[in-house]
>>> print(open('data.pdb').read())   # PDB, C-alpha atoms and all ligand atoms
ATOM      1  CA  MET A   1      22.272  -0.739  -2.287  1.00  0.00           C
ATOM      2  CA  THR A   2      24.780   1.964  -1.592  1.00  0.00           C
ATOM      3  CA  GLY A   3      26.657   2.167   1.678  1.00  0.00           C
ATOM      4  CA  SER A   4      25.411   5.704   2.243  1.00  0.00           C
ATOM      5  CA  MET A   5      21.892   4.553   3.053  1.00  0.00           C
ATOM      6  CA  HIS A   6      21.688   3.260   6.597  1.00  0.00           C
ATOM      7  CA  TYR A   7      18.472   1.874   7.913  1.00  0.00           C
ATOM      8  CA  THR A   8      18.299   1.478  11.640  1.00  0.00           C
ATOM      9  CA  ARG A   9      15.210  -0.634  11.510  1.00  0.00           C
ATOM     10  CA  GLU A  10      13.380  -1.312  14.714  1.00  0.00           C
ATOM     11  CA  SER A  11      10.996  -4.210  14.849  1.00  0.00           C
ATOM     12  CA  CYS A  12       7.285  -3.583  15.152  1.00  0.00           C
ATOM     13  CA  ALA A  13       6.379  -2.941  18.825  1.00  0.00           C
ATOM     14  CA  ILE A  14       3.640  -5.579  18.774  1.00  0.00           C
ATOM     15  CA  ALA A  15       4.915  -8.707  20.496  1.00  0.00           C
ATOM     16  CA  GLY A  16       5.503 -11.522  18.093  1.00  0.00           C
ATOM     17  CA  CYS A  17       5.409  -9.338  14.963  1.00  0.00           C
ATOM     18  CA  ALA A  18       8.539  -9.852  12.917  1.00  0.00           C
ATOM     19  CA  LYS A  19       7.973  -6.911  10.583  1.00  0.00           C
ATOM     20  CA  SER A  20       9.924  -3.664  10.707  1.00  0.00           C
ATOM     21  CA  ALA A  21       8.379  -0.544  12.180  1.00  0.00           C
ATOM     22  CA  LEU A  22       7.480   2.222   9.742  1.00  0.00           C
ATOM     23  CA  SER A  23       9.603   5.358   9.714  1.00  0.00           C
ATOM     24  CA  GLY A  24       8.206   7.767  12.303  1.00  0.00           C
ATOM     25  CA  HIS A  25       6.194   5.039  13.996  1.00  0.00           C
ATOM     26  CA  THR A  26       6.753   2.163  16.409  1.00  0.00           C
ATOM     27  CA  ARG A  27       4.668  -0.322  14.458  1.00  0.00           C
ATOM     28  CA  CYS A  28       4.442  -1.925  11.040  1.00  0.00           C
ATOM     29  CA  TRP A  29       1.616  -0.846   8.705  1.00  0.00           C
ATOM     30  CA  GLU A  30      -0.506  -3.803   9.671  1.00  0.00           C
ATOM     31  CA  HIS A  31      -0.459  -2.748  13.316  1.00  0.00           C
ATOM     32  CA  VAL A  32      -0.836   1.033  12.933  1.00  0.00           C
ATOM     33  CA  ASP A  33      -4.046   2.059  14.712  1.00  0.00           C
ATOM     34  CA  ASN A  34      -4.698   5.375  13.013  1.00  0.00           C
ATOM     35  CA  ARG A  35      -3.542   4.857   9.455  1.00  0.00           C
ATOM     36  CA  GLN A  36      -5.116   8.038   8.175  1.00  0.00           C
ATOM     37  CA  ALA A  37      -3.202  10.156  10.705  1.00  0.00           C
ATOM     38  CA  PHE A  38       0.027   8.387   9.815  1.00  0.00           C
ATOM     39  CA  LEU A  39      -0.450   9.052   6.109  1.00  0.00           C
ATOM     40  CA  ASP A  40      -1.524  12.648   6.622  1.00  0.00           C
ATOM     41  CA  ALA A  41       1.674  13.289   8.600  1.00  0.00           C
ATOM     42  CA  LEU A  42       3.915  12.192   5.719  1.00  0.00           C
ATOM     43  CA  HIS A  43       5.796  15.041   4.069  1.00  0.00           C
ATOM     44  CA  PRO A  44       6.262  14.447   0.337  1.00  0.00           C
ATOM     45  CA  GLU A  45       9.638  16.212   0.408  1.00  0.00           C
ATOM     46  CA  ALA A  46      11.011  14.174   3.332  1.00  0.00           C
ATOM     47  CA  LEU A  47      10.388  10.597   2.276  1.00  0.00           C
ATOM     48  CA  ALA A  48      13.806   9.690   0.922  1.00  0.00           C
ATOM     49  CA  GLY A  49      15.183   6.564   2.546  1.00  0.00           C
ATOM     50  CA  THR A  50      12.084   5.977   4.655  1.00  0.00           C
ATOM     51  CA  TRP A  51      10.634   2.580   5.493  1.00  0.00           C
ATOM     52  CA  LEU A  52       7.050   2.459   4.260  1.00  0.00           C
ATOM     53  CA  ALA A  53       6.598  -1.197   3.447  1.00  0.00           C
ATOM     54  CA  GLY A  54       2.986  -2.174   2.837  1.00  0.00           C
ATOM     55  CA  VAL A  55       1.464   1.301   3.264  1.00  0.00           C
ATOM     56  CA  ASP A  56      -1.673   2.259   1.376  1.00  0.00           C
ATOM     57  CA  LEU A  57      -1.072   5.407  -0.663  1.00  0.00           C
ATOM     58  CA  SER A  58      -3.561   4.500  -3.354  1.00  0.00           C
ATOM     59  CA  GLY A  59      -5.017   7.403  -5.269  1.00  0.00           C
ATOM     60  CA  ARG A  60      -2.852   9.952  -3.454  1.00  0.00           C
ATOM     61  CA  ASP A  61      -1.401  13.011  -5.117  1.00  0.00           C
ATOM     62  CA  LEU A  62       2.341  12.466  -4.727  1.00  0.00           C
ATOM     63  CA  GLU A  63       3.477  14.521  -7.694  1.00  0.00           C
ATOM     64  CA  GLY A  64       7.192  15.262  -7.441  1.00  0.00           C
ATOM     65  CA  ALA A  65       7.547  13.386  -4.130  1.00  0.00           C
ATOM     66  CA  ASP A  66      11.015  12.199  -3.177  1.00  0.00           C
ATOM     67  CA  PHE A  67      10.932   8.475  -2.375  1.00  0.00           C
ATOM     68  CA  SER A  68      14.529   7.863  -3.420  1.00  0.00           C
ATOM     69  CA  GLY A  69      15.925   4.807  -1.688  1.00  0.00           C
ATOM     70  CA  ALA A  70      12.710   4.348   0.238  1.00  0.00           C
ATOM     71  CA  ARG A  71      11.262   0.941   1.057  1.00  0.00           C
ATOM     72  CA  LEU A  72       7.760   0.683  -0.424  1.00  0.00           C
ATOM     73  CA  SER A  73       7.767  -3.080  -0.822  1.00  0.00           C
ATOM     74  CA  GLY A  74       4.225  -4.411  -1.008  1.00  0.00           C
ATOM     75  CA  ALA A  75       2.786  -0.898  -0.804  1.00  0.00           C
ATOM     76  CA  CYS A  76      -0.448   0.039  -2.537  1.00  0.00           C
ATOM     77  CA  LEU A  77       0.056   2.931  -4.916  1.00  0.00           C
ATOM     78  CA  ALA A  78      -2.783   2.062  -7.260  1.00  0.00           C
ATOM     79  CA  GLY A  79      -3.982   5.164  -9.055  1.00  0.00           C
ATOM     80  CA  ALA A  80      -1.415   7.317  -7.237  1.00  0.00           C
ATOM     81  CA  LYS A  81      -0.241  10.468  -8.967  1.00  0.00           C
ATOM     82  CA  LEU A  82       3.534  10.144  -9.086  1.00  0.00           C
ATOM     83  CA  ARG A  83       4.296  12.485 -11.979  1.00  0.00           C
ATOM     84  CA  GLY A  84       7.912  13.585 -11.805  1.00  0.00           C
ATOM     85  CA  ALA A  85       8.443  11.680  -8.560  1.00  0.00           C
ATOM     86  CA  ASN A  86      11.928  10.676  -7.488  1.00  0.00           C
ATOM     87  CA  LEU A  87      11.826   6.884  -7.230  1.00  0.00           C
ATOM     88  CA  ARG A  88      15.524   6.271  -7.736  1.00  0.00           C
ATOM     89  CA  GLU A  89      16.641   3.059  -6.056  1.00  0.00           C
ATOM     90  CA  THR A  90      13.199   2.786  -4.475  1.00  0.00           C
ATOM     91  CA  PHE A  91      12.045  -0.673  -3.447  1.00  0.00           C
ATOM     92  CA  LEU A  92       8.644  -1.235  -5.038  1.00  0.00           C
ATOM     93  CA  ASP A  93       8.854  -5.023  -5.171  1.00  0.00           C
ATOM     94  CA  GLY A  94       5.426  -6.577  -4.919  1.00  0.00           C
ATOM     95  CA  ALA A  95       3.835  -3.122  -4.869  1.00  0.00           C
ATOM     96  CA  ASP A  96       0.488  -2.359  -6.490  1.00  0.00           C
ATOM     97  CA  LEU A  97       0.916   0.462  -8.991  1.00  0.00           C
ATOM     98  CA  ARG A  98      -2.069  -0.345 -11.167  1.00  0.00           C
ATOM     99  CA  GLY A  99      -3.158   2.731 -13.071  1.00  0.00           C
ATOM    100  CA  ALA A 100      -0.567   4.923 -11.347  1.00  0.00           C
ATOM    101  CA  ASP A 101       0.682   7.985 -13.196  1.00  0.00           C
ATOM    102  CA  CYS A 102       4.490   7.866 -13.215  1.00  0.00           C
ATOM    103  CA  THR A 103       4.915  10.251 -16.151  1.00  0.00           C
ATOM    104  CA  ASP A 104       8.404  11.815 -16.127  1.00  0.00           C
ATOM    105  CA  ALA A 105       9.259   9.939 -12.902  1.00  0.00           C
ATOM    106  CA  ASP A 106      12.838   8.924 -12.154  1.00  0.00           C
ATOM    107  CA  LEU A 107      12.962   5.164 -11.501  1.00  0.00           C
ATOM    108  CA  GLU A 108      16.610   4.506 -12.208  1.00  0.00           C
ATOM    109  CA  PHE A 109      17.739   1.374 -10.329  1.00  0.00           C
ATOM    110  CA  ALA A 110      14.240   1.029  -8.858  1.00  0.00           C
ATOM    111  CA  VAL A 111      13.150  -2.462  -7.867  1.00  0.00           C
ATOM    112  CA  LEU A 112       9.752  -3.362  -9.315  1.00  0.00           C
ATOM    113  CA  GLY A 113      10.143  -7.124  -9.230  1.00  0.00           C
ATOM    114  CA  GLY A 114       6.777  -8.809  -8.801  1.00  0.00           C
ATOM    115  CA  ALA A 115       5.008  -5.450  -8.776  1.00  0.00           C
ATOM    116  CA  ASP A 116       1.750  -4.865 -10.646  1.00  0.00           C
ATOM    117  CA  VAL A 117       1.933  -1.831 -12.938  1.00  0.00           C
ATOM    118  CA  SER A 118      -0.949  -2.840 -15.187  1.00  0.00           C
ATOM    119  CA  GLY A 119      -2.380   0.179 -16.963  1.00  0.00           C
ATOM    120  CA  ALA A 120       0.152   2.503 -15.330  1.00  0.00           C
ATOM    121  CA  CYS A 121       1.738   5.367 -17.228  1.00  0.00           C
ATOM    122  CA  PHE A 122       5.535   5.660 -17.423  1.00  0.00           C
ATOM    123  CA  LYS A 123       5.623   8.173 -20.275  1.00  0.00           C
ATOM    124  CA  ASN A 124       9.106   9.680 -20.593  1.00  0.00           C
ATOM    125  CA  ALA A 125      10.097   8.070 -17.281  1.00  0.00           C
ATOM    126  CA  ASN A 126      13.685   7.123 -16.497  1.00  0.00           C
ATOM    127  CA  LEU A 127      13.734   3.350 -15.971  1.00  0.00           C
ATOM    128  CA  GLN A 128      17.401   2.808 -16.669  1.00  0.00           C
ATOM    129  CA  ARG A 129      18.703  -0.325 -14.948  1.00  0.00           C
ATOM    130  CA  ALA A 130      15.365  -0.825 -13.224  1.00  0.00           C
ATOM    131  CA  ASN A 131      14.522  -4.328 -12.021  1.00  0.00           C
ATOM    132  CA  LEU A 132      11.212  -5.346 -13.599  1.00  0.00           C
ATOM    133  CA  VAL A 133      11.625  -9.091 -13.195  1.00  0.00           C
ATOM    134  CA  GLY A 134       8.243 -10.765 -13.124  1.00  0.00           C
ATOM    135  CA  THR A 135       6.456  -7.412 -13.136  1.00  0.00           C
ATOM    136  CA  ARG A 136       2.848  -7.452 -14.327  1.00  0.00           C
ATOM    137  CA  GLY A 137       2.312  -4.566 -16.702  1.00  0.00           C
ATOM    138  CA  ARG A 138      -0.469  -5.277 -19.145  1.00  0.00           C
ATOM    139  CA  ARG A 139      -1.394  -2.176 -21.162  1.00  0.00           C
ATOM    140  CA  ALA A 140       1.184  -0.086 -19.286  1.00  0.00           C
ATOM    141  CA  ASP A 141       2.462   2.897 -21.242  1.00  0.00           C
ATOM    142  CA  PHE A 142       6.246   3.255 -21.555  1.00  0.00           C
ATOM    143  CA  SER A 143       6.125   5.739 -24.457  1.00  0.00           C
ATOM    144  CA  GLY A 144       9.333   7.719 -24.666  1.00  0.00           C
ATOM    145  CA  ALA A 145      10.687   6.051 -21.530  1.00  0.00           C
ATOM    146  CA  ASN A 146      14.353   5.259 -21.094  1.00  0.00           C
ATOM    147  CA  LEU A 147      14.654   1.512 -20.440  1.00  0.00           C
ATOM    148  CA  TYR A 148      18.408   1.291 -20.985  1.00  0.00           C
ATOM    149  CA  TYR A 149      19.565  -1.922 -19.333  1.00  0.00           C
ATOM    150  CA  ALA A 150      16.205  -2.360 -17.589  1.00  0.00           C
ATOM    151  CA  ARG A 151      15.418  -5.988 -16.748  1.00  0.00           C
ATOM    152  CA  PRO A 152      11.781  -6.950 -17.461  1.00  0.00           C
ATOM    153  CA  GLY A 153      12.594 -10.655 -17.616  1.00  0.00           C
ATOM    154  CA  ASN A 154       9.524 -12.874 -17.201  1.00  0.00           C
ATOM    155  CA  ALA A 155       7.403  -9.728 -17.090  1.00  0.00           C
ATOM    156  CA  ASP A 156       3.839  -9.765 -18.388  1.00  0.00           C
ATOM    157  CA  LEU A 157       3.756  -6.771 -20.731  1.00  0.00           C
ATOM    158  CA  GLU A 158       0.907  -7.840 -22.969  1.00  0.00           C
ATOM    159  CA  GLU A 159      -0.380  -4.889 -25.016  1.00  0.00           C
ATOM    160  CA  ALA A 160       2.078  -2.539 -23.317  1.00  0.00           C
ATOM    161  CA  VAL A 161       3.246   0.480 -25.309  1.00  0.00           C
ATOM    162  CA  PHE A 162       6.931   1.265 -25.897  1.00  0.00           C
ATOM    163  CA  ASP A 163       6.554   3.818 -28.686  1.00  0.00           C
ATOM    164  CA  GLY A 164       9.672   5.928 -28.991  1.00  0.00           C
ATOM    165  CA  ALA A 165      11.227   4.273 -25.941  1.00  0.00           C
ATOM    166  CA  ASN A 166      14.943   3.617 -25.533  1.00  0.00           C
ATOM    167  CA  ILE A 167      15.224  -0.176 -25.303  1.00  0.00           C
ATOM    168  CA  GLU A 168      18.988  -0.402 -25.734  1.00  0.00           C
ATOM    169  CA  ARG A 169      20.135  -3.487 -23.795  1.00  0.00           C
ATOM    170  CA  THR A 170      16.709  -3.939 -22.223  1.00  0.00           C
ATOM    171  CA  ILE A 171      16.400  -7.562 -21.180  1.00  0.00           C
ATOM    172  CA  PHE A 172      12.946  -8.860 -22.181  1.00  0.00           C
ATOM    173  CA  ARG A 173      14.005 -12.475 -21.675  1.00  0.00           C
ATOM    174  CA  HIS A 174      10.932 -14.742 -21.301  1.00  0.00           C
ATOM    175  CA  ALA A 175       8.693 -11.657 -21.174  1.00  0.00           C
ATOM    176  CA  ASN A 176       5.183 -11.689 -22.612  1.00  0.00           C
ATOM    177  CA  LEU A 177       4.980  -8.886 -25.175  1.00  0.00           C
ATOM    178  CA  LYS A 178       1.943 -10.217 -27.008  1.00  0.00           C
ATOM    179  CA  GLY A 179       0.218  -7.349 -28.808  1.00  0.00           C
ATOM    180  CA  ALA A 180       2.734  -4.814 -27.479  1.00  0.00           C
ATOM    181  CA  THR A 181       3.555  -1.735 -29.532  1.00  0.00           C
ATOM    182  CA  LEU A 182       7.173  -0.748 -30.140  1.00  0.00           C
ATOM    183  CA  ARG A 183       6.794   1.895 -32.838  1.00  0.00           C
ATOM    184  CA  GLY A 184       9.923   3.975 -33.098  1.00  0.00           C
ATOM    185  CA  ALA A 185      11.547   2.226 -30.130  1.00  0.00           C
ATOM    186  CA  ARG A 186      15.313   2.688 -30.333  1.00  0.00           C
ATOM    187  CA  GLY A 187      18.158   0.346 -29.485  1.00  0.00           C
ATOM    188  CA  THR A 188      18.924  -3.351 -29.473  1.00  0.00           C
ATOM    189  CA  ALA A 189      17.054  -5.263 -26.802  1.00  0.00           C
ATOM    190  CA  ASN A 190      17.342  -8.874 -25.712  1.00  0.00           C
ATOM    191  CA  PHE A 191      14.130 -10.690 -26.691  1.00  0.00           C
ATOM    192  CA  GLU A 192      15.385 -14.194 -25.924  1.00  0.00           C
ATOM    193  CA  ASN A 193      12.394 -16.539 -25.454  1.00  0.00           C
ATOM    194  CA  ALA A 194      10.017 -13.582 -25.294  1.00  0.00           C
ATOM    195  CA  VAL A 195       6.461 -13.904 -26.618  1.00  0.00           C
ATOM    196  CA  LEU A 196       6.371 -11.522 -29.595  1.00  0.00           C
ATOM    197  CA  GLU A 197       3.042 -12.526 -31.120  1.00  0.00           C
ATOM    198  CA  ASP A 198       1.202  -9.606 -32.738  1.00  0.00           C
ATOM    199  CA  VAL A 199       3.903  -7.121 -31.709  1.00  0.00           C
ATOM    200  CA  ARG A 200       3.583  -3.915 -33.692  1.00  0.00           C
ATOM    201  CA  ARG A 201       6.815  -2.197 -34.649  1.00  0.00           C
TER
HETATM  202 ZN    ZN A 301       3.525  -5.433  13.286  1.00  0.00          ZN
END
>>> encode(input="data.pdb", output="structure tokens")
Amino acid sequence: MTGSMHYTRESCAIAGCAKSALSGHTRCWEHVDNRQAFLDALHPEALAGTWLAGVDLSGRDLEGADFSGARLSGACLAGAKLRGANLRETFLDGADLRGADCTDADLEFAVLGGADVSGACFKNANLQRANLVGTRGRRADFSGANLYYARPGNADLEEAVFDGANIERTIFRHANLKGATLRGARGTANFENAVLEDVRR
């Protein structure tokens, strides 16, 4: 990441816990007593660069929230409303984004390795240079998204939709695109060893 982002991570206050404390708290998510109070105190406009690993924000309305550079590794964002959210350089590795609405979101340089985005919507989202290595994204919708130089290697994108997407230099190496739709997708992608059975173009 960039040198401008400095985390001064304290360890969780619980003896023997090796995890980092959440931003604005002395403990990791696992050891937070009142999780609801912690979540309710979060300000959607002041989340950039925060450490929120593992938190449960499932189903929350986070439209337009600024999570740029934040650490949401392993977080649950299933069904979250993230329309137009700023997720630039956000760590979402191993996160659960199933069914999340990321329409128009900015995910440039975001890390989604090992995340589950099955059924999520990334319509018109900016996914340039995003790391999607090993991401599970069956039936996810990337219509009109910009995937320039995105890296969904080994990703499971069965029946995902890329209609009208920019796939210039997108690296689908070893990805499963069985039954995926790429109607009107633009650009030259790398499909080396990808599963392209029943792909509709
Ligand atoms: Zn802990």
>>> closest_residue(input="data.pdb", among="A:Arg9, A:Arg173, A:Lys19, A:Arg88", to="ligand ZN 301 (chain A)", atoms="all atoms listed in the file")
A:Lys19
>>> atom_distance(input="data.pdb", atom1="CA of Val133 (chain A)", atom2="CA of Gly113 (chain A)")
4.7 Å
>>> residues_around(input="data.pdb", residues="Cys102 (chain A)", least_positions_apart="3", cutoff="8 Å", atoms="all atoms listed in the file", output="PyMOL selection string")
chain A and resi 81-85+105+120-123+125
>>> resolve_selection(input="data.pdb", expression="the PyMOL selection byres (((chain A and resi 142-155) around 9) and not hetatm)", output="ChimeraX atom specification")
/A:103-104,108-109,113-114,120-137,140-141,156-158,160-177,182,185,187,189,194
>>> residues_near_ligand(input="data.pdb", ligand="ligand ZN 301 (chain A)", cutoff="9 Å", atoms="all atoms listed in the file", output="number ranges by chain")
A: 11-21, 26-32
>>> resolve_selection(input="data.pdb", expression="the PyMOL selection byres (((chain A and resi 80) around 8) and not hetatm)", output="ChimeraX atom specification")
/A:57-62,77-79,81-82,97,99-101
>>> closest_residue(input="data.pdb", among="A:His43, A:Gln36, A:Val55, A:Leu112", to="Leu22 (chain A)", atoms="all atoms listed in the file")
A:Val55
>>> resolve_selection(input="data.pdb", expression="the PyMOL selection byres (((chain A and resi 66-71) around 9) and not hetatm)", output="ChimeraX atom specification")
/A:1,5,44-53,62,64-65,72-73,75,85-93,106-107,110
>>> write_last_selection(input="data.pdb", atoms="C-alpha atoms", output="CSV table (one decimal), keeping the file's coordinate frame")
chain,number,residue,atom,x,y,z
A,1,MET,CA,22.3,-0.7,-2.3
A,5,MET,CA,21.9,4.6,3.1
A,44,PRO,CA,6.3,14.4,0.3
A,45,GLU,CA,9.6,16.2,0.4
A,46,ALA,CA,11.0,14.2,3.3
A,47,LEU,CA,10.4,10.6,2.3
A,48,ALA,CA,13.8,9.7,0.9
A,49,GLY,CA,15.2,6.6,2.5
A,50,THR,CA,12.1,6.0,4.7
A,51,TRP,CA,10.6,2.6,5.5
A,52,LEU,CA,7.0,2.5,4.3
A,53,ALA,CA,6.6,-1.2,3.4
A,62,LEU,CA,2.3,12.5,-4.7
A,64,GLY,CA,7.2,15.3,-7.4
A,65,ALA,CA,7.5,13.4,-4.1
A,72,LEU,CA,7.8,0.7,-0.4
A,73,SER,CA,7.8,-3.1,-0.8
A,75,ALA,CA,2.8,-0.9,-0.8
A,85,ALA,CA,8.4,11.7,-8.6
A,86,ASN,CA,11.9,10.7,-7.5
A,87,LEU,CA,11.8,6.9,-7.2
A,88,ARG,CA,15.5,6.3,-7.7
A,89,GLU,CA,16.6,3.1,-6.1
A,90,THR,CA,13.2,2.8,-4.5
A,91,PHE,CA,12.0,-0.7,-3.4
A,92,LEU,CA,8.6,-1.2,-5.0
A,93,ASP,CA,8.9,-5.0,-5.2
A,106,ASP,CA,12.8,8.9,-12.2
A,107,LEU,CA,13.0,5.2,-11.5
A,110,ALA,CA,14.2,1.0,-8.9
>>> axis_aligned_box(input="data.pdb", around="region 59-68 of chain A", padding_each_side="4 Å", output="JSON")
{"center_x": 4.8, "center_y": 11.3, "center_z": -5.0, "size_x": 27.5, "size_y": 15.9, "size_z": 13.3}
>>> atom_distance(input="data.pdb", atom1="CA of Ala95 (chain A)", atom2="CA of Arg200 (chain A)")
28.8 Å
>>> atom_distance(input="data.pdb", atom1="CA of Arg138 (chain A)", atom2="CA of Asp56 (chain A)")
21.9 Å
>>> closest_residue(input="data.pdb", among="A:Val117, A:Ala37, A:Leu196, A:Val111", to="Arg98 (chain A)", atoms="all atoms listed in the file")
A:Val117
>>> closest_residue(input="data.pdb", among="A:Gly179, A:Gly119, A:Gly54, A:Gly184", to="Glu197 (chain A)", atoms="all atoms listed in the file")
A:Gly179
>>> decode(input="data.pdb", residues="region 95-116 of chain A", atoms="N, CA and C atoms", output="PDB file, in the first residue's frame")
ATOM      1  N   ALA A  95     -13.613 -11.566   2.771  1.00  0.00           N
ATOM      2  CA  ALA A  95     -14.872 -10.981   3.242  1.00  0.00           C
ATOM      3  C   ALA A  95     -16.073 -11.648   2.579  1.00  0.00           C
ATOM      4  N   ASP A  96     -17.210 -11.547   3.247  1.00  0.00           N
ATOM      5  CA  ASP A  96     -18.459 -12.112   2.723  1.00  0.00           C
ATOM      6  C   ASP A  96     -19.301 -10.964   2.169  1.00  0.00           C
ATOM      7  N   LEU A  97     -19.374 -10.911   0.849  1.00  0.00           N
ATOM      8  CA  LEU A  97     -20.137  -9.847   0.183  1.00  0.00           C
ATOM      9  C   LEU A  97     -21.293 -10.458  -0.614  1.00  0.00           C
ATOM     10  N   ARG A  98     -21.745 -11.615  -0.194  1.00  0.00           N
ATOM     11  CA  ARG A  98     -22.804 -12.271  -0.961  1.00  0.00           C
ATOM     12  C   ARG A  98     -24.043 -11.382  -1.046  1.00  0.00           C
ATOM     13  N   GLY A  99     -24.494 -11.168  -2.260  1.00  0.00           N
ATOM     14  CA  GLY A  99     -25.712 -10.386  -2.467  1.00  0.00           C
ATOM     15  C   GLY A  99     -25.577  -8.904  -2.153  1.00  0.00           C
ATOM     16  N   ALA A 100     -24.349  -8.434  -1.943  1.00  0.00           N
ATOM     17  CA  ALA A 100     -24.165  -7.005  -1.646  1.00  0.00           C
ATOM     18  C   ALA A 100     -24.416  -6.174  -2.903  1.00  0.00           C
ATOM     19  N   ASP A 101     -24.865  -4.941  -2.693  1.00  0.00           N
ATOM     20  CA  ASP A 101     -25.105  -4.048  -3.821  1.00  0.00           C
ATOM     21  C   ASP A 101     -23.975  -3.033  -3.908  1.00  0.00           C
ATOM     22  N   CYS A 102     -23.035  -3.278  -4.823  1.00  0.00           N
ATOM     23  CA  CYS A 102     -21.881  -2.401  -5.010  1.00  0.00           C
ATOM     24  C   CYS A 102     -22.004  -1.624  -6.322  1.00  0.00           C
ATOM     25  N   THR A 103     -23.231  -1.362  -6.749  1.00  0.00           N
ATOM     26  CA  THR A 103     -23.465  -0.587  -7.958  1.00  0.00           C
ATOM     27  C   THR A 103     -22.732   0.754  -7.861  1.00  0.00           C
ATOM     28  N   ASP A 104     -22.022   1.098  -8.944  1.00  0.00           N
ATOM     29  CA  ASP A 104     -21.316   2.390  -9.024  1.00  0.00           C
ATOM     30  C   ASP A 104     -20.234   2.570  -7.958  1.00  0.00           C
ATOM     31  N   ALA A 105     -19.866   1.515  -7.238  1.00  0.00           N
ATOM     32  CA  ALA A 105     -18.838   1.655  -6.201  1.00  0.00           C
ATOM     33  C   ALA A 105     -17.450   1.764  -6.843  1.00  0.00           C
ATOM     34  N   ASP A 106     -16.540   2.385  -6.113  1.00  0.00           N
ATOM     35  CA  ASP A 106     -15.166   2.534  -6.580  1.00  0.00           C
ATOM     36  C   ASP A 106     -14.294   1.522  -5.840  1.00  0.00           C
ATOM     37  N   LEU A 107     -13.852   0.487  -6.560  1.00  0.00           N
ATOM     38  CA  LEU A 107     -13.060  -0.589  -5.960  1.00  0.00           C
ATOM     39  C   LEU A 107     -11.671  -0.665  -6.592  1.00  0.00           C
ATOM     40  N   GLU A 108     -11.203   0.447  -7.118  1.00  0.00           N
ATOM     41  CA  GLU A 108      -9.889   0.405  -7.749  1.00  0.00           C
ATOM     42  C   GLU A 108      -8.822  -0.009  -6.723  1.00  0.00           C
ATOM     43  N   PHE A 109      -7.993  -0.973  -7.131  1.00  0.00           N
ATOM     44  CA  PHE A 109      -6.928  -1.514  -6.277  1.00  0.00           C
ATOM     45  C   PHE A 109      -7.449  -2.244  -5.037  1.00  0.00           C
ATOM     46  N   ALA A 110      -8.751  -2.474  -4.956  1.00  0.00           N
ATOM     47  CA  ALA A 110      -9.284  -3.194  -3.797  1.00  0.00           C
ATOM     48  C   ALA A 110      -8.789  -4.639  -3.806  1.00  0.00           C
ATOM     49  N   VAL A 111      -8.679  -5.204  -2.618  1.00  0.00           N
ATOM     50  CA  VAL A 111      -8.230  -6.589  -2.484  1.00  0.00           C
ATOM     51  C   VAL A 111      -9.415  -7.460  -2.091  1.00  0.00           C
ATOM     52  N   LEU A 112      -9.851  -8.297  -3.033  1.00  0.00           N
ATOM     53  CA  LEU A 112     -11.004  -9.168  -2.806  1.00  0.00           C
ATOM     54  C   LEU A 112     -10.597 -10.633  -2.895  1.00  0.00           C
ATOM     55  N   GLY A 113      -9.313 -10.894  -2.731  1.00  0.00           N
ATOM     56  CA  GLY A 113      -8.825 -12.261  -2.809  1.00  0.00           C
ATOM     57  C   GLY A 113      -9.513 -13.159  -1.788  1.00  0.00           C
ATOM     58  N   GLY A 114     -10.047 -14.278  -2.257  1.00  0.00           N
ATOM     59  CA  GLY A 114     -10.693 -15.214  -1.347  1.00  0.00           C
ATOM     60  C   GLY A 114     -12.020 -14.737  -0.813  1.00  0.00           C
ATOM     61  N   ALA A 115     -12.493 -13.586  -1.275  1.00  0.00           N
ATOM     62  CA  ALA A 115     -13.795 -13.092  -0.813  1.00  0.00           C
ATOM     63  C   ALA A 115     -14.916 -13.843  -1.523  1.00  0.00           C
ATOM     64  N   ASP A 116     -16.126 -13.757  -0.959  1.00  0.00           N
ATOM     65  CA  ASP A 116     -17.286 -14.376  -1.595  1.00  0.00           C
ATOM     66  C   ASP A 116     -18.242 -13.268  -2.027  1.00  0.00           C
TER      67      ASP A 116
END
